[in-house]
>>> print(open('model-v9.cif').read())   # mmCIF, C-alpha atoms
data_query
#
loop_
_atom_site.label_atom_id
_atom_site.label_comp_id
_atom_site.auth_asym_id
_atom_site.auth_seq_id
_atom_site.Cartn_x
_atom_site.Cartn_y
_atom_site.Cartn_z
CA MET A 1 -66.67 -63.18 -218.18
CA GLY A 2 -66.00 -64.00 -214.56
CA ALA A 3 -64.20 -67.03 -213.18
CA LEU A 4 -65.10 -70.05 -215.28
CA VAL A 5 -66.15 -73.40 -213.85
CA LEU A 6 -66.24 -76.48 -216.04
CA HIS A 7 -68.34 -79.40 -214.87
CA ASP A 8 -66.32 -82.12 -216.42
CA TYR A 9 -65.74 -85.86 -216.76
CA TRP A 10 -62.27 -87.03 -217.61
CA ARG A 11 -63.37 -89.48 -220.29
CA SER A 12 -66.15 -87.41 -221.87
CA SER A 13 -65.10 -86.51 -225.39
CA ALA A 14 -67.53 -83.56 -225.41
CA ALA A 15 -65.83 -82.18 -222.27
CA TRP A 16 -62.44 -82.74 -223.90
CA ARG A 17 -63.50 -80.51 -226.83
CA VAL A 18 -64.26 -77.71 -224.39
CA ARG A 19 -61.01 -78.24 -222.48
CA LEU A 20 -59.18 -77.92 -225.81
CA ALA A 21 -60.99 -74.69 -226.68
CA LEU A 22 -60.13 -73.15 -223.30
CA ALA A 23 -56.51 -74.28 -223.61
CA ALA A 24 -56.26 -72.87 -227.16
CA LYS A 25 -57.32 -69.49 -225.80
CA GLY A 26 -54.99 -69.70 -222.81
CA GLN A 27 -57.96 -69.66 -220.42
CA GLU A 28 -58.21 -71.48 -217.12
CA ALA A 29 -61.39 -72.95 -215.70
CA THR A 30 -61.92 -74.63 -212.37
CA ARG A 31 -62.69 -78.23 -213.25
CA LEU A 32 -65.27 -80.01 -211.13
CA PRO A 33 -65.70 -83.73 -211.82
CA VAL A 34 -69.11 -85.29 -212.52
CA SER A 35 -68.68 -89.04 -212.56
CA LEU A 36 -70.78 -90.57 -215.33
CA LEU A 37 -70.04 -94.09 -214.13
CA ALA A 38 -71.19 -93.27 -210.60
CA GLY A 39 -74.33 -91.58 -211.96
CA ASP A 40 -73.50 -88.10 -210.65
CA GLN A 41 -74.98 -86.61 -213.82
CA ARG A 42 -78.46 -87.61 -212.57
CA SER A 43 -77.97 -85.93 -209.17
CA PRO A 44 -80.34 -83.06 -208.33
CA ALA A 45 -77.34 -80.69 -208.23
CA HIS A 46 -76.27 -81.57 -211.76
CA LEU A 47 -79.79 -81.68 -213.18
CA ALA A 48 -80.24 -78.15 -211.86
CA ARG A 49 -77.23 -77.15 -213.94
CA ASN A 50 -78.29 -79.11 -216.99
CA PRO A 51 -81.73 -80.74 -217.23
CA GLN A 52 -80.29 -83.10 -219.86
CA GLY A 53 -78.05 -84.64 -217.22
CA LEU A 54 -75.00 -84.53 -219.46
CA VAL A 55 -71.50 -83.08 -219.26
CA PRO A 56 -69.88 -80.70 -219.98
CA VAL A 57 -71.52 -77.69 -218.36
CA LEU A 58 -69.71 -74.35 -218.34
CA GLU A 59 -70.58 -71.93 -215.57
CA ASP A 60 -69.78 -68.26 -216.08
CA GLY A 61 -71.31 -66.34 -213.19
CA PRO A 62 -75.07 -66.88 -213.43
CA LEU A 63 -74.83 -68.35 -216.93
CA LEU A 64 -75.06 -72.15 -217.11
CA LEU A 65 -74.22 -73.48 -220.55
CA SER A 66 -74.51 -77.03 -221.85
CA GLN A 67 -73.79 -78.58 -225.26
CA SER A 68 -70.10 -78.54 -226.13
CA LEU A 69 -70.42 -76.77 -229.48
CA ALA A 70 -72.54 -74.00 -227.98
CA ILE A 71 -69.96 -73.64 -225.20
CA ILE A 72 -67.12 -73.50 -227.73
CA GLU A 73 -68.87 -70.82 -229.81
CA TYR A 74 -69.30 -68.84 -226.58
CA ILE A 75 -65.61 -69.21 -225.76
CA GLU A 76 -64.76 -68.17 -229.33
CA GLU A 77 -66.89 -65.02 -229.02
CA SER A 78 -65.58 -64.20 -225.53
CA PHE A 79 -61.88 -64.75 -226.34
CA PRO A 80 -61.45 -64.09 -230.06
CA GLU A 81 -57.70 -64.73 -230.15
CA PRO A 82 -56.37 -67.00 -231.47
CA PRO A 83 -59.43 -67.66 -233.67
CA LEU A 84 -60.88 -71.16 -233.87
CA LEU A 85 -63.09 -70.25 -236.84
CA PRO A 86 -62.02 -68.92 -240.27
CA ALA A 87 -62.46 -65.25 -241.12
CA ASP A 88 -64.94 -65.78 -243.99
CA ALA A 89 -68.53 -67.01 -243.83
CA ALA A 90 -67.98 -69.94 -246.21
CA GLY A 91 -64.97 -71.14 -244.21
CA ARG A 92 -66.84 -70.82 -240.94
CA ALA A 93 -69.74 -72.80 -242.36
CA LEU A 94 -67.48 -75.58 -243.62
CA VAL A 95 -65.68 -75.82 -240.27
CA ARG A 96 -68.98 -75.96 -238.43
CA SER A 97 -70.24 -78.67 -240.77
CA ALA A 98 -67.14 -80.81 -240.08
CA ALA A 99 -67.51 -80.30 -236.34
CA LEU A 100 -71.16 -81.40 -236.55
CA VAL A 101 -70.28 -84.60 -238.39
CA ILE A 102 -68.67 -85.68 -235.12
CA ALA A 103 -70.82 -83.82 -232.61
CA ALA A 104 -74.19 -84.71 -234.15
CA ASP A 105 -73.77 -87.82 -236.27
CA VAL A 106 -71.07 -89.86 -234.55
CA HIS A 107 -70.66 -89.05 -230.89
CA PRO A 108 -74.34 -89.13 -229.75
CA LEU A 109 -74.71 -92.64 -231.18
CA GLY A 110 -71.79 -93.94 -229.13
CA ASN A 111 -72.55 -92.22 -225.86
CA LEU A 112 -72.49 -94.28 -222.68
CA ARG A 113 -76.25 -93.90 -222.19
CA VAL A 114 -76.88 -95.22 -225.71
CA GLN A 115 -74.55 -98.17 -225.24
CA ARG A 116 -76.42 -98.99 -222.04
CA TRP A 117 -79.78 -98.94 -223.82
CA LEU A 118 -78.51 -101.26 -226.54
CA ARG A 119 -77.24 -103.70 -223.92
CA ASP A 120 -79.89 -103.49 -221.22
CA ARG A 121 -83.06 -102.79 -223.20
CA MET A 122 -82.25 -104.39 -226.53
CA GLY A 123 -80.21 -107.34 -225.26
CA GLN A 124 -77.22 -106.66 -227.49
CA ASP A 125 -73.90 -108.28 -226.61
CA ASP A 126 -70.42 -106.75 -226.70
CA ASP A 127 -69.82 -107.73 -230.32
CA ALA A 128 -73.06 -106.15 -231.52
CA VAL A 129 -72.39 -102.94 -229.60
CA THR A 130 -68.83 -102.76 -230.96
CA LEU A 131 -70.10 -103.29 -234.51
CA TRP A 132 -72.60 -100.46 -233.97
CA LEU A 133 -69.90 -98.13 -232.62
CA HIS A 134 -67.49 -98.98 -235.43
CA HIS A 135 -70.15 -98.47 -238.07
CA TRP A 136 -71.10 -94.93 -237.07
CA MET A 137 -67.54 -93.92 -236.33
CA ALA A 138 -66.29 -95.20 -239.70
CA ASP A 139 -69.21 -93.50 -241.44
CA GLY A 140 -68.35 -90.10 -239.95
CA LEU A 141 -64.58 -90.48 -240.18
CA SER A 142 -64.80 -91.44 -243.87
CA ALA A 143 -66.77 -88.28 -244.55
CA LEU A 144 -64.18 -86.22 -242.66
CA GLU A 145 -61.28 -87.88 -244.52
CA GLU A 146 -62.96 -86.71 -247.75
CA PHE A 147 -63.53 -83.27 -246.18
CA ALA A 148 -59.80 -83.08 -245.37
CA ALA A 149 -58.93 -84.06 -248.95
CA ARG A 150 -61.07 -81.19 -250.23
CA HIS A 151 -60.42 -78.50 -247.65
CA GLY A 152 -57.62 -79.63 -245.38
CA GLY A 153 -53.98 -78.71 -244.93
CA GLN A 154 -52.09 -79.18 -241.74
CA PHE A 155 -55.49 -79.27 -240.04
CA LEU A 156 -58.97 -80.35 -241.13
CA PHE A 157 -59.62 -76.96 -242.68
CA GLY A 158 -56.48 -75.37 -244.08
CA ASP A 159 -53.43 -74.71 -241.95
CA ARG A 160 -55.04 -73.28 -238.83
CA ILE A 161 -56.59 -75.25 -236.03
CA SER A 162 -60.37 -74.88 -235.81
CA ILE A 163 -63.29 -76.21 -233.81
CA ALA A 164 -63.49 -79.10 -236.29
CA ASP A 165 -60.10 -80.36 -235.06
CA LEU A 166 -61.26 -80.00 -231.46
CA CYS A 167 -64.07 -82.45 -232.23
CA LEU A 168 -61.91 -84.84 -234.24
CA VAL A 169 -59.17 -85.51 -231.68
CA PRO A 170 -61.40 -86.91 -228.90
CA GLN A 171 -63.31 -88.99 -231.45
CA LEU A 172 -60.08 -90.60 -232.67
CA TYR A 173 -59.23 -91.41 -229.05
CA ASN A 174 -62.62 -93.10 -228.73
CA ALA A 175 -62.10 -94.94 -232.00
CA ARG A 176 -58.81 -96.38 -230.73
CA ARG A 177 -60.36 -97.21 -227.38
CA PHE A 178 -63.02 -99.29 -229.12
CA GLY A 179 -60.56 -100.93 -231.50
CA LEU A 180 -61.51 -99.30 -234.79
CA GLN A 181 -58.86 -99.74 -237.47
CA LEU A 182 -57.74 -96.25 -238.57
CA ASP A 183 -55.55 -97.03 -241.59
CA ASP A 184 -58.15 -95.65 -243.96
CA TYR A 185 -57.87 -92.14 -242.51
CA PRO A 186 -54.29 -90.97 -243.09
CA ARG A 187 -55.28 -87.30 -243.29
CA LEU A 188 -57.17 -87.50 -239.99
CA LEU A 189 -54.23 -89.22 -238.30
CA ALA A 190 -51.93 -86.43 -239.52
CA VAL A 191 -54.31 -83.82 -238.05
CA ASP A 192 -54.36 -85.76 -234.78
CA MET A 193 -50.57 -85.56 -234.65
CA ALA A 194 -50.58 -81.88 -235.57
CA VAL A 195 -52.88 -81.10 -232.65
CA ALA A 196 -50.83 -83.28 -230.29
CA ALA A 197 -47.73 -81.30 -231.31
CA LEU A 198 -49.27 -78.06 -230.01
CA PRO A 199 -47.83 -77.61 -226.52
CA TRP A 200 -51.07 -76.37 -224.96
CA SER A 201 -53.11 -79.37 -226.12
CA ALA A 202 -51.60 -81.86 -223.66
CA ALA A 203 -53.30 -80.39 -220.60
CA ALA A 204 -56.72 -81.07 -222.15
CA ARG A 205 -56.14 -84.79 -222.69
CA PRO A 206 -58.06 -87.28 -220.53
CA GLN A 207 -56.20 -88.04 -217.35
CA GLU A 208 -57.55 -90.94 -215.40
CA PRO A 209 -58.07 -89.99 -211.75
CA LEU A 210 -56.22 -91.96 -209.10
CA ASN A 211 -59.50 -93.53 -208.05
CA PRO A 212 -61.33 -93.63 -211.36
CA THR A 213 -65.10 -93.81 -211.34
CA MET B 1 -74.47 -65.30 -252.38
CA GLY B 2 -75.62 -66.47 -255.78
CA ALA B 3 -78.73 -68.47 -256.60
CA LEU B 4 -79.28 -71.00 -253.83
CA VAL B 5 -80.06 -74.66 -254.42
CA LEU B 6 -81.33 -76.84 -251.59
CA HIS B 7 -80.95 -80.59 -251.95
CA ASP B 8 -83.93 -81.59 -249.96
CA TYR B 9 -86.19 -84.41 -248.83
CA TRP B 10 -89.75 -83.56 -247.95
CA ARG B 11 -89.80 -85.57 -244.74
CA SER B 12 -86.28 -84.78 -243.49
CA SER B 13 -86.57 -82.72 -240.35
CA ALA B 14 -83.02 -81.39 -240.83
CA ALA B 15 -84.03 -80.10 -244.28
CA TRP B 16 -87.17 -78.59 -242.75
CA ARG B 17 -85.03 -76.54 -240.33
CA VAL B 18 -83.15 -75.08 -243.30
CA ARG B 19 -86.35 -74.39 -245.22
CA LEU B 20 -87.62 -72.50 -242.16
CA ALA B 21 -84.42 -70.43 -241.94
CA LEU B 22 -84.63 -69.47 -245.60
CA ALA B 23 -88.33 -68.62 -245.26
CA ALA B 24 -87.67 -66.52 -242.14
CA LYS B 25 -85.19 -64.48 -244.14
CA GLY B 26 -87.51 -64.18 -247.15
CA GLN B 27 -85.04 -66.10 -249.32
CA GLU B 28 -85.88 -68.51 -252.10
CA ALA B 29 -83.88 -71.60 -252.97
CA THR B 30 -84.43 -74.01 -255.83
CA ARG B 31 -85.44 -77.24 -254.13
CA LEU B 32 -84.14 -80.46 -255.65
CA PRO B 33 -85.51 -83.67 -254.12
CA VAL B 34 -83.23 -86.47 -252.90
CA SER B 35 -85.40 -89.45 -252.06
CA LEU B 36 -84.13 -91.14 -248.91
CA LEU B 37 -86.54 -94.03 -249.33
CA ALA B 38 -85.35 -94.67 -252.89
CA GLY B 39 -81.72 -94.45 -251.75
CA ASP B 40 -80.84 -91.39 -253.85
CA GLN B 41 -78.65 -90.13 -251.00
CA ARG B 42 -76.15 -92.92 -251.79
CA SER B 43 -75.98 -92.01 -255.51
CA PRO B 44 -72.57 -90.90 -256.83
CA ALA B 45 -74.06 -87.49 -257.62
CA HIS B 46 -75.22 -86.92 -254.06
CA LEU B 47 -72.10 -88.39 -252.44
CA ALA B 48 -70.08 -85.90 -254.49
CA ARG B 49 -72.13 -83.15 -252.87
CA ASN B 50 -71.96 -84.64 -249.39
CA PRO B 51 -69.72 -87.62 -248.59
CA GLN B 52 -71.96 -88.35 -245.60
CA GLY B 53 -74.82 -89.17 -247.96
CA LEU B 54 -77.30 -87.11 -245.97
CA VAL B 55 -79.68 -84.25 -246.69
CA PRO B 56 -79.91 -81.30 -246.62
CA VAL B 57 -77.13 -79.87 -248.76
CA LEU B 58 -77.12 -76.18 -249.64
CA GLU B 59 -75.38 -75.17 -252.83
CA ASP B 60 -74.27 -71.55 -253.19
CA GLY B 61 -72.19 -71.30 -256.34
CA PRO B 62 -69.13 -73.49 -255.78
CA LEU B 63 -69.85 -73.86 -252.05
CA LEU B 64 -71.46 -77.15 -251.00
CA LEU B 65 -72.64 -77.13 -247.41
CA SER B 66 -73.99 -79.97 -245.33
CA GLN B 67 -75.17 -80.20 -241.69
CA SER B 68 -78.32 -78.20 -241.09
CA LEU B 69 -77.00 -76.11 -238.19
CA ALA B 70 -73.89 -75.11 -240.16
CA ILE B 71 -76.15 -74.18 -243.08
CA ILE B 72 -78.43 -72.15 -240.82
CA GLU B 73 -75.49 -70.23 -239.29
CA TYR B 74 -74.34 -69.48 -242.85
CA ILE B 75 -77.81 -68.22 -243.78
CA GLU B 76 -77.84 -66.13 -240.59
CA GLU B 77 -74.48 -64.54 -241.46
CA SER B 78 -75.43 -63.99 -245.10
CA PHE B 79 -78.89 -62.50 -244.42
CA PRO B 80 -78.75 -60.93 -240.96
CA GLU B 81 -82.34 -59.65 -240.97
CA PRO B 82 -84.50 -60.63 -239.25
CA PRO B 83 -82.02 -62.17 -236.78
CA LEU B 84 -82.42 -65.80 -235.71
CA LEU B 85 -79.87 -65.42 -232.90
CA PRO B 86 -79.98 -63.01 -229.93
CA ALA B 87 -77.78 -59.91 -229.89
CA ASP B 88 -75.71 -60.92 -226.84
CA ALA B 89 -73.17 -63.74 -226.51
CA ALA B 90 -74.92 -65.42 -223.57
CA GLY B 91 -78.23 -65.44 -225.44
CA ARG B 92 -76.64 -66.80 -228.59
CA ALA B 93 -74.96 -69.55 -226.58
CA LEU B 94 -78.20 -70.55 -224.88
CA VAL B 95 -80.09 -70.63 -228.18
CA ARG B 96 -77.37 -72.74 -229.78
CA SER B 97 -77.44 -75.13 -226.81
CA ALA B 98 -81.20 -75.61 -227.18
CA ALA B 99 -80.85 -76.20 -230.92
CA LEU B 100 -78.17 -78.82 -230.26
CA VAL B 101 -80.38 -80.70 -227.80
CA ILE B 102 -82.49 -81.59 -230.84
CA ALA B 103 -79.86 -81.59 -233.58
CA ALA B 104 -77.23 -83.61 -231.68
CA ASP B 105 -78.98 -85.59 -228.96
CA VAL B 106 -82.43 -86.41 -230.33
CA HIS B 107 -82.60 -86.34 -234.10
CA PRO B 108 -79.48 -88.42 -234.97
CA LEU B 109 -80.77 -91.26 -232.77
CA GLY B 110 -84.05 -91.41 -234.66
CA ASN B 111 -82.76 -91.04 -238.18
CA LEU B 112 -83.98 -93.48 -240.83
CA ARG B 113 -80.54 -95.07 -241.16
CA VAL B 114 -80.41 -95.70 -237.41
CA GLN B 115 -83.90 -97.19 -237.35
CA ARG B 116 -82.84 -99.50 -240.18
CA TRP B 117 -79.77 -100.67 -238.25
CA LEU B 118 -81.85 -101.43 -235.17
CA ARG B 119 -84.28 -103.48 -237.25
CA ASP B 120 -82.02 -105.16 -239.78
CA ARG B 121 -78.79 -105.65 -237.83
CA MET B 122 -80.08 -105.89 -234.28
CA GLY B 123 -83.34 -107.68 -234.96
CA GLN B 124 -85.51 -105.16 -233.12
CA ASP B 125 -89.24 -105.16 -233.81
CA ASP B 126 -91.56 -102.17 -234.26
CA ASP B 127 -92.34 -101.92 -230.55
CA ALA B 128 -88.68 -101.87 -229.55
CA VAL B 129 -87.84 -99.23 -232.17
CA THR B 130 -90.78 -97.11 -231.09
CA LEU B 131 -89.72 -97.36 -227.44
CA TRP B 132 -86.20 -96.27 -228.44
CA LEU B 133 -87.53 -93.30 -230.44
CA HIS B 134 -89.89 -92.26 -227.65
CA HIS B 135 -87.15 -92.51 -225.03
CA TRP B 136 -84.68 -90.18 -226.75
CA MET B 137 -87.38 -87.77 -227.89
CA ALA B 138 -88.87 -87.53 -224.40
CA ASP B 139 -85.40 -87.08 -222.92
CA GLY B 140 -84.62 -84.11 -225.18
CA LEU B 141 -88.08 -82.57 -225.08
CA SER B 142 -88.13 -82.69 -221.26
CA ALA B 143 -84.84 -80.78 -221.19
CA LEU B 144 -86.26 -78.22 -223.63
CA GLU B 145 -89.48 -77.82 -221.63
CA GLU B 146 -87.26 -76.91 -218.65
CA PHE B 147 -85.20 -74.60 -220.90
CA ALA B 148 -88.41 -72.84 -221.94
CA ALA B 149 -89.44 -72.47 -218.29
CA ARG B 150 -86.13 -70.77 -217.54
CA HIS B 151 -85.56 -68.74 -220.70
CA GLY B 152 -88.67 -68.85 -222.83
CA GLY B 153 -91.43 -66.44 -223.68
CA GLN B 154 -93.52 -66.65 -226.81
CA PHE B 155 -90.68 -68.73 -228.25
CA LEU B 156 -88.08 -71.07 -226.74
CA PHE B 157 -85.80 -68.15 -225.95
CA GLY B 158 -87.70 -64.99 -225.12
CA ASP B 159 -90.17 -63.45 -227.51
CA ARG B 160 -88.26 -63.68 -230.76
CA ILE B 161 -88.01 -66.72 -232.96
CA SER B 162 -84.53 -68.28 -233.04
CA ILE B 163 -82.73 -71.26 -234.52
CA ALA B 164 -83.81 -73.25 -231.47
CA ASP B 165 -87.45 -72.97 -232.57
CA LEU B 166 -86.47 -74.01 -236.09
CA CYS B 167 -85.14 -77.26 -234.64
CA LEU B 168 -88.06 -77.83 -232.27
CA VAL B 169 -90.93 -77.64 -234.78
CA PRO B 170 -89.80 -80.52 -237.04
CA GLN B 171 -88.99 -82.63 -233.99
CA LEU B 172 -92.51 -82.18 -232.63
CA TYR B 173 -93.85 -83.26 -236.02
CA ASN B 174 -91.72 -86.40 -235.75
CA ALA B 175 -92.86 -86.98 -232.20
CA ARG B 176 -96.50 -86.91 -233.32
CA ARG B 177 -95.75 -89.10 -236.30
CA PHE B 178 -94.31 -91.76 -233.99
CA GLY B 179 -97.11 -91.44 -231.46
CA LEU B 180 -95.31 -89.78 -228.57
CA GLN B 181 -97.68 -88.29 -226.01
CA LEU B 182 -96.93 -84.54 -225.78
CA ASP B 183 -99.05 -83.49 -222.78
CA ASP B 184 -95.96 -83.04 -220.61
CA TYR B 185 -94.62 -80.26 -222.82
CA PRO B 186 -97.14 -77.41 -222.72
CA ARG B 187 -94.51 -74.73 -223.30
CA LEU B 188 -93.15 -76.53 -226.34
CA LEU B 189 -96.64 -76.96 -227.77
CA ALA B 190 -97.24 -73.22 -227.34
CA VAL B 191 -94.00 -72.47 -229.21
CA ASP B 192 -95.07 -74.85 -231.96
CA MET B 193 -98.31 -72.91 -232.36
CA ALA B 194 -96.48 -69.57 -232.26
CA VAL B 195 -94.26 -70.67 -235.16
CA ALA B 196 -97.23 -72.06 -237.08
CA ALA B 197 -98.94 -68.66 -236.70
CA LEU B 198 -96.12 -66.94 -238.61
CA PRO B 199 -97.37 -66.65 -242.19
CA TRP B 200 -94.01 -67.49 -243.81
CA SER B 201 -93.61 -70.75 -241.89
CA ALA B 202 -96.26 -72.70 -243.82
CA ALA B 203 -94.24 -72.95 -247.03
CA ALA B 204 -91.49 -74.82 -245.18
CA ARG B 205 -93.76 -77.57 -243.86
CA PRO B 206 -93.40 -81.10 -245.29
CA GLN B 207 -95.58 -81.56 -248.33
CA GLU B 208 -95.91 -85.10 -249.50
CA PRO B 209 -95.20 -85.37 -253.23
CA LEU B 210 -97.95 -86.74 -255.47
CA ASN B 211 -95.91 -89.90 -255.96
CA PRO B 212 -94.14 -90.14 -252.62
CA THR B 213 -90.89 -92.06 -252.42
#
>>> encode(input="model-v9.cif", output="structure tokens")
Amino acid sequence: MGALVLHDYWRSSAAWRVRLALAAKGQEATRLPVSLLAGDQRSPAHLARNPQGLVPVLEDGPLLLSQSLAIIEYIEESFPEPPLLPADAAGRALVRSAALVIAADVHPLGNLRVQRWLRDRMGQDDDAVTLWLHHWMADGLSALEEFAARHGGQFLFGDRISIADLCLVPQLYNARRFGLQLDDYPRLLAVDMAVAALPWSAAARPQEPLNPT
Amino acid sequence: MGALVLHDYWRSSAAWRVRLALAAKGQEATRLPVSLLAGDQRSPAHLARNPQGLVPVLEDGPLLLSQSLAIIEYIEESFPEPPLLPADAAGRALVRSAALVIAADVHPLGNLRVQRWLRDRMGQDDDAVTLWLHHWMADGLSALEEFAARHGGQFLFGDRISIADLCLVPQLYNARRFGLQLDDYPRLLAVDMAVAALPWSAAARPQEPLNPT
């Protein structure tokens, strides 16, 4: 791997996952902002990096990688220590399944571009959009609370942090931001605190720019 | 691995991906139907298998696995030949990113449960739901057409079938089912035909039961 560049947006929860993975491995990347509110993700420069027009994008020399979970698996393979996946195939599969509950079944339904479609094309008001967001978040978080009851310890899967936790933490931030009541997820809240207690995790948290866009 | 059981629904494109992975590896699984139209996915028996109430679920002895991409990675690790991921880290990352375009950014937005919410809770009619489905499908397929232009050969990534192709084929079936015009995706259509030409792929295709539910 050469010098890493992360095309980033401070409030993107998918970008936050990648920032956490890099921080867990003690790796630095140059962070270049792509403002989703200003529409920078549809600029020719960004579409050349990622035809989907989404963040994050990780640049490693000539390699341009999109999709946060694919990026995280690449980071995991490139910097194996400390591991973010269990040592056995069944454990790895369970961790990946928990990560995908967030990355496939919750987050894409609450994305900014989806919220805009519901408002602008389907005429939905704030209350209807909030109800939609809460519904899919609660659906996924309930499944993960049950996952933690079956497989969890200090973290979602046992007592070591994994890529599942990297997906959970930004989603809980989003849940709070949109006012979802979290009392029903005590195990998830404990995992959130366990990640926050890791000294390296703070640098990955969203930090609003001085002139936010 | 012991005897495999796949909790399946004939029209689920996520289940189809898993059926393709098993078929590519020459593996058999006992297929047990979970009718999404009849609501079997919300039965206590199925929720015990998968608290998300979704298909597919792969059962391997005591291990219960949900999320199609996690299941496929598990199949890949358990039966390495023939490989469904490239040999190098960059290739694997690119293939995973292409798979996630479908599995995270297209398919979850068109799921039956999402369509129902748009109709029942947001009062959207058939035309509005179709427009929604077409929009997200076209968005993802356009990105994959560009991916194929950059990285593809006979398949989405080079000349060997990969998990990206396993995600593409069921999505193209869905696109046709919902009337999306596919002329803009010649590379994807060629991949679709290349997969269809593989003798083992036919058994994985959706086969409507005699008494469909």
>>> atom_distance(input="model-v9.cif", atom1="CA of Tyr74 (chain A)", atom2="CA of Ala93 (chain B)")
5.7 Å
>>> residues_around(input="model-v9.cif", residues="Ser13 (chain A)", least_positions_apart="5", cutoff="9 Å", atoms="all atoms listed in the file", output="PDB file with C-alpha atoms, in the coordinates of the input")
ATOM      1  CA  VAL A  18     -64.260 -77.710-224.390  1.00  0.00           C
ATOM      2  CA  HIS A 107     -70.660 -89.050-230.890  1.00  0.00           C
ATOM      3  CA  CYS A 167     -64.070 -82.450-232.230  1.00  0.00           C
ATOM      4  CA  VAL A 169     -59.170 -85.510-231.680  1.00  0.00           C
ATOM      5  CA  PRO A 170     -61.400 -86.910-228.900  1.00  0.00           C
ATOM      6  CA  GLN A 171     -63.310 -88.990-231.450  1.00  0.00           C
ATOM      7  CA  TYR A 173     -59.230 -91.410-229.050  1.00  0.00           C
ATOM      8  CA  ASN A 174     -62.620 -93.100-228.730  1.00  0.00           C
ATOM      9  CA  PRO A 206     -58.060 -87.280-220.530  1.00  0.00           C
TER      10      PRO A 206
END
>>> residues_around(input="model-v9.cif", residues="region 183-186 of chain B", least_positions_apart="5", cutoff="9 Å", atoms="all atoms listed in the file", output="ChimeraX atom specification")
/B:141-142,144-145,191
>>> interface_residues(input="model-v9.cif", of="chain B", to="chain A", cutoff="6 Å", atoms="only C-alpha atoms", output="number ranges by chain")
B: 51-52, 67, 70, 74, 93, 96-97, 104-105, 108, 143
>>> write_last_selection(input="model-v9.cif", atoms="C-alpha atoms", output="tab-separated table (two decimals), keeping the file's coordinate frame")
chain	number	residue	atom	x	y	z
B	51	PRO	CA	-69.72	-87.62	-248.59
B	52	GLN	CA	-71.96	-88.35	-245.60
B	67	GLN	CA	-75.17	-80.20	-241.69
B	70	ALA	CA	-73.89	-75.11	-240.16
B	74	TYR	CA	-74.34	-69.48	-242.85
B	93	ALA	CA	-74.96	-69.55	-226.58
B	96	ARG	CA	-77.37	-72.74	-229.78
B	97	SER	CA	-77.44	-75.13	-226.81
B	104	ALA	CA	-77.23	-83.61	-231.68
B	105	ASP	CA	-78.98	-85.59	-228.96
B	108	PRO	CA	-79.48	-88.42	-234.97
B	143	ALA	CA	-84.84	-80.78	-221.19
>>> resolve_selection(input="model-v9.cif", expression="the PyMOL selection byres ((chain A and resi 19-27) around 7)", output="list in words")
Ala15, Trp16, Arg17, Val18, Glu28, Ala29, Ile72, Phe79, Glu81, Pro82, Leu166, Trp200, Ser201 and Ala204 of chain A
>>> atom_distance(input="model-v9.cif", atom1="CA of Ala197 (chain A)", atom2="CA of Leu133 (chain A)")
27.9 Å
>>> atom_distance(input="model-v9.cif", atom1="CA of Met137 (chain A)", atom2="CA of Arg119 (chain B)")
19.3 Å
